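K.L.:
Pasting a structure here, questions to come.
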Amino acid sequence: MSQRNKSTDHNWPQGAVIYQIYPRSFMDTNDDGVGDLKGIVSKLDYIRELGVDGIWLSPFFKSPMKDYGYDVADYCQVDPLFGTLDDFDRLIKEAHARDIKVIIDQVYSHTSDKHQWFQESRSDKSNSKSDWYVWADPKPDGSPPTNWQSVFTGPAWTWDARRGQYYLHNFLDSQPDLNLHNPDVQSALLNVARFWLDRGVDGFRLDAINFAMHDPELRDNPPSNMTNPKRPFDFQNHLYNQSHSEIPKFLRKLRAVTKEYGDIFTVAEVVGPDPVAEMKAFTAGDQHLTTAYNFDFLYADEINSHIVKSALAEWLDEKSSALPSWAFSNHDTPRVASRWSRTDSSNAAKLYLLLLFSLRGYIFLYQGEELGLSQTNVPFEELKDPEAIANWPHTLGRDGARTPIPWEHSTANFGFSNKKPWLPFGSDHKNCAVDIQESDEESVLNFTRALIKFRNNSPAFLRGSLSFVDCPPELLAFTRTLGRKKYLCLFNFGLTPAEWHPTAQGKVVLSTSASLNPPPAKIPPGQGFILSLSG
């Protein structure tokens with residue numbers, strides 16, 4: 001098995017930058033229109049040039065792909081679509097040779113209905129895995145046990161004639177929920193973690209982990225009273241089908257396993273209207289996870305100083321034992337360059353990247369974000385995302401952020417594949433191709449590389465404090481400080497120039513526009529700066 005690499009740039013995982021790879025859309029080497037593990041290996045030098053500490057791979061496990069890999073049919077096998085276990089082992093070896101950590105998804109809240117565990121569980125009420133999933137009898141009138149709604153498609157319960165019971169699924173009806181209240185299920189999942197740790201992985205991202213346990217009393221959820229809900233799920237306050245108080249106890253068991261393998265990075269995805277308390281519970285002390293992230297920025301339709309201050313408010317205490325993770329884009333949400341931009345898209349992409357890499361905590365960069373890719377408008381007839389299809393046209397769905405990476409501007413399918421890709425490219429993606437940007441000193445790609453290099457070599461950004469600075473409401477300003485080293489981070493997210501009267505002069509070390517040095521008295525719209533104030 002592979003030996004883990006040891007980062008020489010800084011104390012892993014402190015302040016780490018993780019590059020998220022959606023394997024289906026990264027690089028195709030066998031010409032089936034879908035990316036694969038060998039494709040990731042072929043682009044590891046590109047990833048190394050970015051300067052990131054590690055990569056996070058979205059699911060590549062055996063799956064019927066009803067939810068594109070998040071419906072796992074075998075936790076310990078690579079789906080043939082992506083390659084083999086040997087391909088994965090080579091990926092680990094080649095990544096570690098380049099000092100790149102490898103983090104993989106773990107989906108512990110549910111499996112595919114094709115998983116062997118579920119096939120056995122549904123066969124009758126007395127088999128050895130009969131209690132491995134969430135089964136319940138109907139109400140006297142035959143209706144589902146509770147009023148719980150799934151995230152994607154309506155009621156969270158589906159009738160199964162084999163058992164004569166309903167099973168719970170918080171997502172698709174082909175994704176039955178595991179019963180993590182059962183110690184045997186917990187042990188099985190911990191063995192899955194050991195399987196991948198033995199192969200050399202450096203960490204896990206825990207998908208939808210706050211859905212991993214349900215209320216055993218099966219109480220109905222109260223209404224949310226949300227204005228203009230778009231899905232049945234939005235009509236409820238999800239008190240009983242997620243966020244159970246026993247989840248941190250399971251996470252302690254997972255942390256105990258990972259400690260056997262050294263500095264393993266663990267990050268929780270926490271979805272919900274009030275996620276901070278859960279994030280802190282999931283990361284408390286040194287017995288839980290490394291970090292957690294929520295959707296404060298991922299679901300934000302715009303960016304301004306108020307949104308940033310609200311998102312960071314609970315994480316300014318330097319005595320906190322854990323730091324959050326931050327992401328502006330990922331495989332589940334529309335790309336940030338389209339969600340927030342109201343000006344020149346290339347410059348806006350730089351502005352958002354400058355903010356992202358200035359934050360205190362761990363940073364997740366989604367593939368294509370370093371190119372400033374915009375959201376692709378995928379026509380209905382080409383949609384693959386079950387959520388988008390079910391809720392069309394009221395939700396944008398996830399396909400528009402999952403389109404392939406354009407590597408070469410002048411080749412068929414932009415160098416991603418020799419066959420038509422599984423999703424179409426965006427109309428502007430040719431001009432964002434990697435080969436064009438690599439030769440342009442002012443490109444978003446080269447700006448991203450400079451940002452990551454600066455962050456990796458700046459202890460104040462890796463582990464320093466963050467304090468907001470008073471400024472006009474159109475601007476956002478904060479300092480990053482460690483010891484005598486202090487930086488000012490300044491941003492104008494508005495559409496008009498904003499007055500700036502600094503109390504201290506500083507030297508520009510990074511900015512979205514090379515021509516603006518020093519910053520003018522009126523900060524132009526869509527511009528950002530990092531200034532060194534000392535040392």
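Following the order of the structure tokens, first chain is A, next is B, and so on, with residues numbered from 1 inside each chain and ligands from 1 in the order they appear.
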With region 225-238 of chain A as the partner and 10 Å as the cut-off, tabulate the residues of region 99-150 of chain A that qualify, each row holding the nearest pair of atoms and their distance in Å to one decimal, using only C-alpha atoms, sorted by chain and rising number, as JSON lines.
P.N.:
{"residue": "A:Asn147", "atom": "CA", "partner": "A:Gln236", "partner_atom": "CA", "distance": 9.1}
{"residue": "A:Trp148", "atom": "CA", "partner": "A:Phe233", "partner_atom": "CA", "distance": 7.9}
{"residue": "A:Gln149", "atom": "CA", "partner": "A:Phe233", "partner_atom": "CA", "distance": 5.0}
{"residue": "A:Ser150", "atom": "CA", "partner": "A:Phe233", "partner_atom": "CA", "distance": 5.8}
K.L.:
Which residues are close to Ala388 (chain A), i.e. within 12 Å by only C-alpha atoms, leaving aside same-chain residues fewer than 3 positions away? Reply as number ranges by chain.
P.N.:
A: 67, 151-153, 230-231, 332-333, 378-385, 391-400
K.L.:
Where in region 95-318 of chain A does DSSP assign strand (DSSP E), given as a ChimeraX atom specification?
P.N.:
/A:101-106,135-136,149-150,154-155,157-160,165-168,203-206,265-269,291-293
K.L.:
Give me every helix (DSSP H, G or I) residue in region 150-350 of chain A, going by DSSP on the backbone, as a ChimeraX atom specification.
P.N.:
/A:183-198,209-211,232-235,247-259,276-283,305-315,336-339,345-350
K.L.:
For Asp74 (chain A), find every residue with an atom within 7 Å (counting only C-alpha atoms), except residues of its own chain fewer than 6 positions away, and show them as a PyMOL selection string.
P.N.:
chain A and resi 61-62+115
K.L.:
Using N, CA and C atoms, can you write the selected residues to a file as a short mmCIF file (atom, residue, chain, number, x, y, z; two decimals), in the first residue's frame?
P.N.:
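Written file, again-v5.cif:
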data_model
loop_
_atom_site.label_atom_id
_atom_site.label_comp_id
_atom_site.auth_asym_id
_atom_site.auth_seq_id
_atom_site.Cartn_x
_atom_site.Cartn_y
_atom_site.Cartn_z
N PHE A 61 -16.93 5.22 -6.58
CA PHE A 61 -17.22 3.86 -6.15
C PHE A 61 -18.25 3.20 -7.08
N LYS A 62 -18.33 1.89 -6.98
CA LYS A 62 -19.31 1.15 -7.77
C LYS A 62 -20.71 1.65 -7.47
N HIS A 115 -27.06 -2.00 -3.28
CA HIS A 115 -26.02 -2.48 -2.36
C HIS A 115 -26.44 -3.82 -1.78
#
K.L.:
Write out as a ChimeraX atom specification the residues lying within 10 Å of Pro144 (chain A), counting only C-alpha atoms and excluding same-chain residues fewer than 4 positions away.
P.N.:
/A:136-140,148,155-159,165-168
K.L.:
Keeping only all heavy atoms, write the selected residues as a tab-separated table (two decimals), in the first residue's frame.
P.N.:
chain	number	residue	atom	x	y	z
A	136	ALA	N	-40.03	0.97	8.81
A	136	ALA	CA	-41.12	1.31	9.73
A	136	ALA	C	-42.45	0.85	9.15
A	136	ALA	O	-42.65	0.83	7.93
A	136	ALA	CB	-41.15	2.81	10.02
A	137	ASP	N	-43.34	0.49	10.05
A	137	ASP	CA	-44.69	0.09	9.62
A	137	ASP	C	-45.49	1.31	9.19
A	137	ASP	O	-45.23	2.44	9.63
A	137	ASP	CB	-45.41	-0.60	10.78
A	137	ASP	CG	-44.80	-1.94	11.14
A	137	ASP	OD1	-44.27	-2.61	10.23
A	137	ASP	OD2	-44.83	-2.30	12.34
A	138	PRO	N	-46.49	1.09	8.34
A	138	PRO	CA	-47.36	2.21	7.95
A	138	PRO	C	-48.27	2.63	9.09
A	138	PRO	O	-48.45	1.90	10.07
A	138	PRO	CB	-48.17	1.63	6.80
A	138	PRO	CG	-48.21	0.16	7.07
A	138	PRO	CD	-46.88	-0.18	7.70
A	139	LYS	N	-48.83	3.80	8.97
A	139	LYS	CA	-49.89	4.21	9.88
A	139	LYS	C	-51.13	3.33	9.61
A	139	LYS	O	-51.19	2.65	8.58
A	139	LYS	CB	-50.22	5.69	9.65
A	139	LYS	CG	-49.12	6.63	10.11
A	139	LYS	CD	-49.50	8.09	9.87
A	139	LYS	CE	-48.40	9.04	10.35
A	139	LYS	NZ	-48.75	10.46	10.10
A	140	PRO	N	-52.08	3.33	10.52
A	140	PRO	CA	-53.25	2.45	10.34
A	140	PRO	C	-53.96	2.62	9.00
A	140	PRO	O	-54.56	1.67	8.48
A	140	PRO	CB	-54.16	2.86	11.50
A	140	PRO	CG	-53.22	3.31	12.56
A	140	PRO	CD	-52.11	4.01	11.83
A	148	TRP	N	-42.20	13.21	6.84
A	148	TRP	CA	-40.89	13.65	6.34
A	148	TRP	C	-40.85	13.66	4.82
A	148	TRP	O	-41.36	12.77	4.15
A	148	TRP	CB	-39.78	12.74	6.88
A	148	TRP	CG	-39.71	12.69	8.38
A	148	TRP	CD1	-40.33	13.52	9.27
A	148	TRP	CD2	-39.00	11.73	9.15
A	148	TRP	NE1	-40.04	13.15	10.56
A	148	TRP	CE2	-39.22	12.04	10.52
A	148	TRP	CE3	-38.19	10.62	8.84
A	148	TRP	CZ2	-38.67	11.29	11.56
A	148	TRP	CZ3	-37.64	9.88	9.87
A	148	TRP	CH2	-37.87	10.22	11.21
A	155	PRO	N	-42.21	12.63	-0.67
A	155	PRO	CA	-42.15	11.86	0.58
A	155	PRO	C	-40.85	11.08	0.74
A	155	PRO	O	-40.31	10.52	-0.23
A	155	PRO	CB	-43.35	10.92	0.46
A	155	PRO	CG	-44.32	11.66	-0.40
A	155	PRO	CD	-43.47	12.39	-1.41
A	156	ALA	N	-40.35	11.05	1.97
A	156	ALA	CA	-39.07	10.39	2.27
A	156	ALA	C	-39.24	8.91	2.59
A	156	ALA	O	-38.30	8.27	3.08
A	156	ALA	CB	-38.38	11.10	3.43
A	157	TRP	N	-40.42	8.36	2.33
A	157	TRP	CA	-40.69	6.96	2.60
A	157	TRP	C	-41.18	6.27	1.32
A	157	TRP	O	-41.98	6.82	0.59
A	157	TRP	CB	-41.76	6.80	3.67
A	157	TRP	CG	-41.38	7.35	5.02
A	157	TRP	CD1	-41.68	8.59	5.51
A	157	TRP	CD2	-40.65	6.67	6.03
A	157	TRP	NE1	-41.18	8.73	6.79
A	157	TRP	CE2	-40.54	7.55	7.14
A	157	TRP	CE3	-40.08	5.39	6.14
A	157	TRP	CZ2	-39.89	7.22	8.31
A	157	TRP	CZ3	-39.42	5.06	7.31
A	157	TRP	CH2	-39.32	5.96	8.39
A	158	THR	N	-40.70	5.05	1.09
A	158	THR	CA	-41.16	4.23	-0.03
A	158	THR	C	-41.57	2.85	0.48
A	158	THR	O	-40.86	2.23	1.28
A	158	THR	CB	-40.06	4.09	-1.10
A	158	THR	OG1	-39.89	5.36	-1.74
A	158	THR	CG2	-40.45	3.06	-2.15
A	159	TRP	N	-42.72	2.40	0.01
A	159	TRP	CA	-43.26	1.09	0.41
A	159	TRP	C	-42.47	-0.02	-0.26
A	159	TRP	O	-42.13	0.06	-1.44
A	159	TRP	CB	-44.72	1.00	0.02
A	159	TRP	CG	-45.35	-0.33	0.28
A	159	TRP	CD1	-45.62	-1.30	-0.63
A	159	TRP	CD2	-45.78	-0.83	1.55
A	159	TRP	NE1	-46.22	-2.39	-0.03
A	159	TRP	CE2	-46.32	-2.12	1.32
A	159	TRP	CE3	-45.77	-0.33	2.85
A	159	TRP	CZ2	-46.83	-2.91	2.34
A	159	TRP	CZ3	-46.29	-1.11	3.87
A	159	TRP	CH2	-46.81	-2.38	3.62
A	165	GLN	N	-43.22	-3.08	4.68
A	165	GLN	CA	-42.90	-1.88	5.46
A	165	GLN	C	-42.42	-0.78	4.52
A	165	GLN	O	-42.11	-1.01	3.35
A	165	GLN	CB	-41.80	-2.18	6.49
A	165	GLN	CG	-42.23	-3.04	7.66
A	165	GLN	CD	-41.09	-3.24	8.64
A	165	GLN	OE1	-40.01	-3.71	8.28
A	165	GLN	NE2	-41.32	-2.88	9.90
A	166	TYR	N	-42.35	0.41	5.08
A	166	TYR	CA	-41.72	1.54	4.39
A	166	TYR	C	-40.24	1.61	4.76
A	166	TYR	O	-39.86	1.25	5.88
A	166	TYR	CB	-42.38	2.85	4.80
A	166	TYR	CG	-43.73	3.12	4.18
A	166	TYR	CD1	-44.91	2.76	4.85
A	166	TYR	CD2	-43.84	3.75	2.95
A	166	TYR	CE1	-46.16	3.03	4.30
A	166	TYR	CE2	-45.08	4.03	2.38
A	166	TYR	CZ	-46.23	3.66	3.07
A	166	TYR	OH	-47.47	3.94	2.52
A	167	TYR	N	-39.41	2.08	3.82
A	167	TYR	CA	-38.03	2.42	4.15
A	167	TYR	C	-37.80	3.92	3.94
A	167	TYR	O	-38.44	4.55	3.10
A	167	TYR	CB	-37.02	1.58	3.36
A	167	TYR	CG	-36.98	1.81	1.87
A	167	TYR	CD1	-36.21	2.84	1.31
A	167	TYR	CD2	-37.69	0.99	1.00
A	167	TYR	CE1	-36.17	3.05	-0.05
A	167	TYR	CE2	-37.66	1.18	-0.37
A	167	TYR	CZ	-36.89	2.21	-0.89
A	167	TYR	OH	-36.85	2.42	-2.24
A	168	LEU	N	-36.89	4.45	4.72
A	168	LEU	CA	-36.59	5.89	4.70
A	168	LEU	C	-35.53	6.20	3.65
A	168	LEU	O	-34.55	5.46	3.50
A	168	LEU	CB	-36.09	6.33	6.07
A	168	LEU	CG	-35.65	7.80	6.22
A	168	LEU	CD1	-36.85	8.74	6.06
A	168	LEU	CD2	-34.97	8.01	7.58
K.L.:
Which residue, A:Phe250, A:Phe204, A:Phe295, A:Phe357, has the smallest gap to His181 (chain A) when you use only C-alpha atoms?
P.N.:
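Closest candidate: A:Phe250.
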K.L.:
With only C-alpha atoms as the basis for distance, which of A:Ile40, A:Gly164, A:Ser121, A:Pro64 is at the shortest distance from Gly142 (chain A)?
P.N.:
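With only C-alpha atoms as the atom set, the closest residue is A:Gly164.
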K.L.:
Using only C-alpha atoms for the distances, tell me which of A:Leu206, A:Val257, A:Asp141, A:Leu298 is nearest to Ser187 (chain A).
P.N.:
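Counting only C-alpha atoms, the residue closest to Ser187 (chain A) is A:Val257.
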K.L.:
Report the distance between CA of Asp53 (chain A) and CA of Asp99 (chain A) in Å, rounded to one decimal place.
P.N.:
7.6 Å
K.L.:
I'd like the contact shell of Lys309 (chain A) - 12 Å cut-off, only C-alpha atoms, skipping same-chain residues fewer than 2 positions apart - returned as an mmCIF file with C-alpha atoms, in the first residue's frame.
P.N.:
data_model
loop_
_atom_site.group_PDB
_atom_site.id
_atom_site.type_symbol
_atom_site.label_atom_id
_atom_site.label_comp_id
_atom_site.auth_asym_id
_atom_site.auth_seq_id
_atom_site.Cartn_x
_atom_site.Cartn_y
_atom_site.Cartn_z
ATOM 1 C CA ASP A 296 -23.375 30.146 3.695
ATOM 2 C CA PHE A 297 -21.481 31.135 0.556
ATOM 3 C CA ILE A 303 -21.802 38.788 -2.172
ATOM 4 C CA ASN A 304 -21.447 41.843 0.032
ATOM 5 C CA SER A 305 -19.807 42.849 3.288
ATOM 6 C CA HIS A 306 -22.834 41.894 5.375
ATOM 7 C CA ILE A 307 -22.896 38.328 4.010
ATOM 8 C CA ALA A 311 -20.668 33.941 7.746
ATOM 9 C CA LEU A 312 -17.425 34.620 9.620
ATOM 10 C CA ALA A 313 -18.931 35.990 12.839
ATOM 11 C CA GLU A 314 -18.960 32.662 14.680
ATOM 12 C CA TRP A 315 -15.373 31.810 13.736
ATOM 13 C CA LEU A 316 -13.343 34.821 14.867
ATOM 14 C CA LEU A 359 -10.273 33.705 4.821
ATOM 15 C CA LEU A 466 -8.901 37.805 11.309
ATOM 16 C CA SER A 467 -10.385 41.133 12.431
ATOM 17 C CA PHE A 468 -12.827 43.353 10.569
ATOM 18 C CA VAL A 469 -11.922 46.983 9.908
ATOM 19 C CA ASP A 470 -14.452 49.821 9.907
ATOM 20 C CA PRO A 473 -20.700 49.693 3.719
ATOM 21 C CA LEU A 475 -16.422 47.988 1.051
ATOM 22 C CA LEU A 476 -15.205 45.012 3.039
ATOM 23 C CA ALA A 477 -11.944 45.266 4.954
ATOM 24 C CA PHE A 478 -10.271 42.957 7.428
#
K.L.:
Quick one: everything within 10 Å of Glu260 (chain A), counting only C-alpha atoms, minus sequence neighbours fewer than 5 positions away in the same chain. Send it as JSON, numbers by chain.
P.N.:
{"A": [194, 197, 255]}
K.L.:
To one decimal place in Å, what is the distance between CA of Ala390 (chain A) and CA of Ser123 (chain A)?
P.N.:
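Between these atoms lies a distance of 29.4 Å.
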K.L.:
Considering only C-alpha atoms, tabulate each residue of region 416-456 of chain A that lies at most 9 Å from region 503-518 of chain A along with its nearest interatomic pair and the corresponding distance in Å to one decimal; arrange the rows by chain and ascending residue number and present them as CSV.
P.N.:
residue,atom,partner,partner_atom,distance
A:Glu442,CA,A:Ala514,CA,8.5
A:Phe447,CA,A:Thr512,CA,8.2
A:Ala450,CA,A:Leu510,CA,8.5
A:Leu451,CA,A:Leu510,CA,7.7
A:Phe454,CA,A:Leu510,CA,8.6
K.L.:
Compare A:Ala161, A:Val134, A:Val444, A:Gly272 by their minimum atom-to-atom distance to Met213 (chain A), counting only C-alpha atoms, and give me the closest one.
P.N.:
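The shortest atom-to-atom distance to Met213 (chain A) comes from A:Val134.
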K.L.:
Please, what distance in Å, to one decimal, runs between CA of Val78 (chain A) and CA of Arg199 (chain A)?
P.N.:
12.9 Å
